[in-house]
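Colleague: Pasting a structure here, questions to come.
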Amino acid sequence: MSISKSPNINYLWSNLLIEEFVRNGLDYCCISPGSRSAPLTVAAALNPKMKTFVHFDERGEGFHALGYSSATGKPSIVITTSGSALGNLFPAIIEASKKKIPLIILTADRPPELRFTGANQTIDQVKIFGDYVRWSFDMPTPTQDIPAEFILTTVDQAIHRSMGELKGPVHLNCMFREPLEPSPSKENFTRYLKHIQTWQKSKKVYTHYTTANPTLSNDDLLNVTSQINAIKRGIIVVGKIAKKDRLSVLKLSEKLGWPIFPDITSGLRVGIDHKNIIPYFDQILLSTSAKKQITCDGVLHLGGRITSKRWYQFVEQKSPKQYIMVLNHPLRNDPLHNVTMRLQAPVGKLCDSICTKLKKKKKPTLLSNLQKLSQSISFKPSIPRLISQLIPKDTGLFLSSSLPIREMDMFADHKGEETMIGSNRGASGIDGTIASACGFSQGLNKRVTLLIGDLAFLYDLNSLAMLKDLKNPMTIIVVNNNGGGIFRNLPISEYKDVFEQYFITPHNLQFDSTAHLFNLDHVLITDIKALTKNYPKSFEKKTSTIFEIKTP
């Protein structure tokens with residue numbers, strides 16, 4: 001639909017919104033059906049450069065958008081109608097906020113005269129997401145009394161806020177009066193659009209924003225260098241970092257002779273075989289005798305939070321004198337309150353900057369001891385280890401929170417194929433996992449394996465409907481241990497009178513009929529040999545497959 005030929009003012013504003021998003025490079029829009037949001041939906045559907053994904057459930061839609069943005073690094077757009085639809089987006093918005101993932105939320109709303117009147121499907125939507133969004137704005141009802149430039153600059157500001165120093169979700173609440181359908185009006189928009197004629201004739205954004213890159217002063221670099229030089233037995237622990245930063249981290253570890261403890265989300269845990277990487281550090285920290293061999297007086301923590309609980313227990317026990325943390329955002333990431341120096345900078349650039357200034361360390365005994373310990377660990381066949389060994393090159397892996405990501409962190413074979421790994425480890429909830437994996441697959445434009453527990457699977461059954469619309473089939477591996485198995489590892493498991501009913505919550509279900517309902521292949525796996533045989537075959541199929549593994 002041409003902007004200048006929009007049938008009415010609602011559609012003119014909506015077309016301007018969507019077109020400016022497209023010009024900023026935002027070309028993926030997740031839509032849930034609704035009446036009040038019709039102008040936004042039609043504008044997105046008819047823009048030739050906008051790709052759309054439609055799902056009936058707003059909760060799943062939000063997580064799908066989250067997964068897509070996680071894979072691409074740029075905001076996807078979410079469109080919902082008014083009322084309780086917004087509330088269903090909240091879990092995904094919380095996760096996006098915690099993980100610093102950019103999202104643009106466009107919600108339709110009633111006009112001012114219907115607010116607080118008891119009008120149907122009307123709630124207070126203004127700033128409904130509180131501090132979990134980076135910016136929220138209540139768009140006025142479309143009118144020619146407000147200049148068209150306002151719409152374009154609002155879009156550009158929203159994207160800038162979403163992609164700024166602290167990336168995250170942004171909320172534009174869009175009020176519409178009827179008509180909501182694209183019925184033609186008698187309004188003439190020629191004079192109204194006169195002031196943006198230059199923009200209409202070009203393909204450029206209206207307001208071009210630049211983002212300042214944080215740089216450390218020479219004094220800061222000298223300070224951190226001197227502190228690292230003073231550490232005799234150091235460890236580099238690596239959370240989630242950008243792919244472009246990995247080589248810089250490896251070079252820094254070589255200069256220092258320090259071991260690297262890589263989290264499963266770091267990109268250094270699987271598919272990277274380097275002598276300084278200790279892939280099974282989590283297993284080592286399980287052993288009391290092994291921990292006694294690790295004397296550490298300093299830590300350099302690069303990137304996000306670590307999955308391993310043992311790591312934080314180890315740090316709390318050893319209390320290293322120096323704990324230096326490097327993150328590319330200003331938020332505190334210090335649950336033990338032991339960080340002695342906090343640097344806000346891109347991880348790779350910082351590593352490169354200090355590498356040339358550091359002293360070459362003598363042959364470190366800590367590194368050689370940890371290498372021997374890691375190499376001495378033997379493994380029994382397990383689901384996550386097998387997946388890490390068999391997952392094909394150029395595919396993705398999405399891990400549910402709770403046990404799947406923890407077990408992959410512990411047991412994954414570091415010699416497996418390098419693969420893009422996604423997870424919802426911001427708030428670490430189990431909700432929306434299937435939807436997030438679907439969005440992750442769309443963003444990567446690759447086949448994805450999802451490793452998920454049975455409760456997380458049940459929690460997001462609606463999102464199985466998304467699989468039919470994916471570009472690439474998905475392989476879902478459901479570990480069905482009939483409830484919340486992770487609770488068996490917690491102290492509450494000792495309280496037998498309440499434990500089984502209120503924490504394990506056994507469901508006594510299996511998922512063959514679920515697969516049939518959504519027209520998916522289902523394979524019941526009874527042992528590791530069967531998974532070894534059937535998992536690679538799923539990548540030859542043109543339909544998505546659910547492997548259900550029943551475990552004690």
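Simple scheme: letters A, B, ... for chains in structure tokens order, numbers from 1 for residues in each chain, numbers from 1 for ligands in the order shown.
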Select from stretch 148-334 of chain A everything DSSP, run on the backbone, classes as helix (DSSP H, G or I), then give the selection as a ChimeraX atom specification.
Modeller: /A:148-162,194-201,218-230,243-256,281-284,288-292,309-318
Colleague: Do you know which residues are at most 12 Å from stretch 184-194 of chain A counting only C-alpha atoms, after dropping those on the same chain fewer than 3 positions away, and could you put them as a VMD selection string?
Modeller: chain A and resid 3 to 13 16 143 to 152 178 to 181 197 to 201
Colleague: Leaving out A:Leu40 and any residue of its chain fewer than 4 positions from it, which residues lie within 8 Å of it when counting only C-alpha atoms, given as a count of residues only?
Modeller: 6
Colleague: Please determine, counting only C-alpha atoms, which residue among A:Asn24, A:Gly130, A:Tyr459, A:Gln510 has the shortest atom-to-atom distance to A:Gly60.
Modeller: A:Tyr459
Colleague: Neighbouring residues of stretch 279-285 of chain A were defined as those with any atom within 7 Å, considering only C-alpha atoms; residues of the same chain fewer than 5 positions away were excluded. Please report them as JSON, numbers by chain.
Modeller: {"A": [261, 262, 269, 290, 291, 308, 310, 373, 374, 410, 414]}
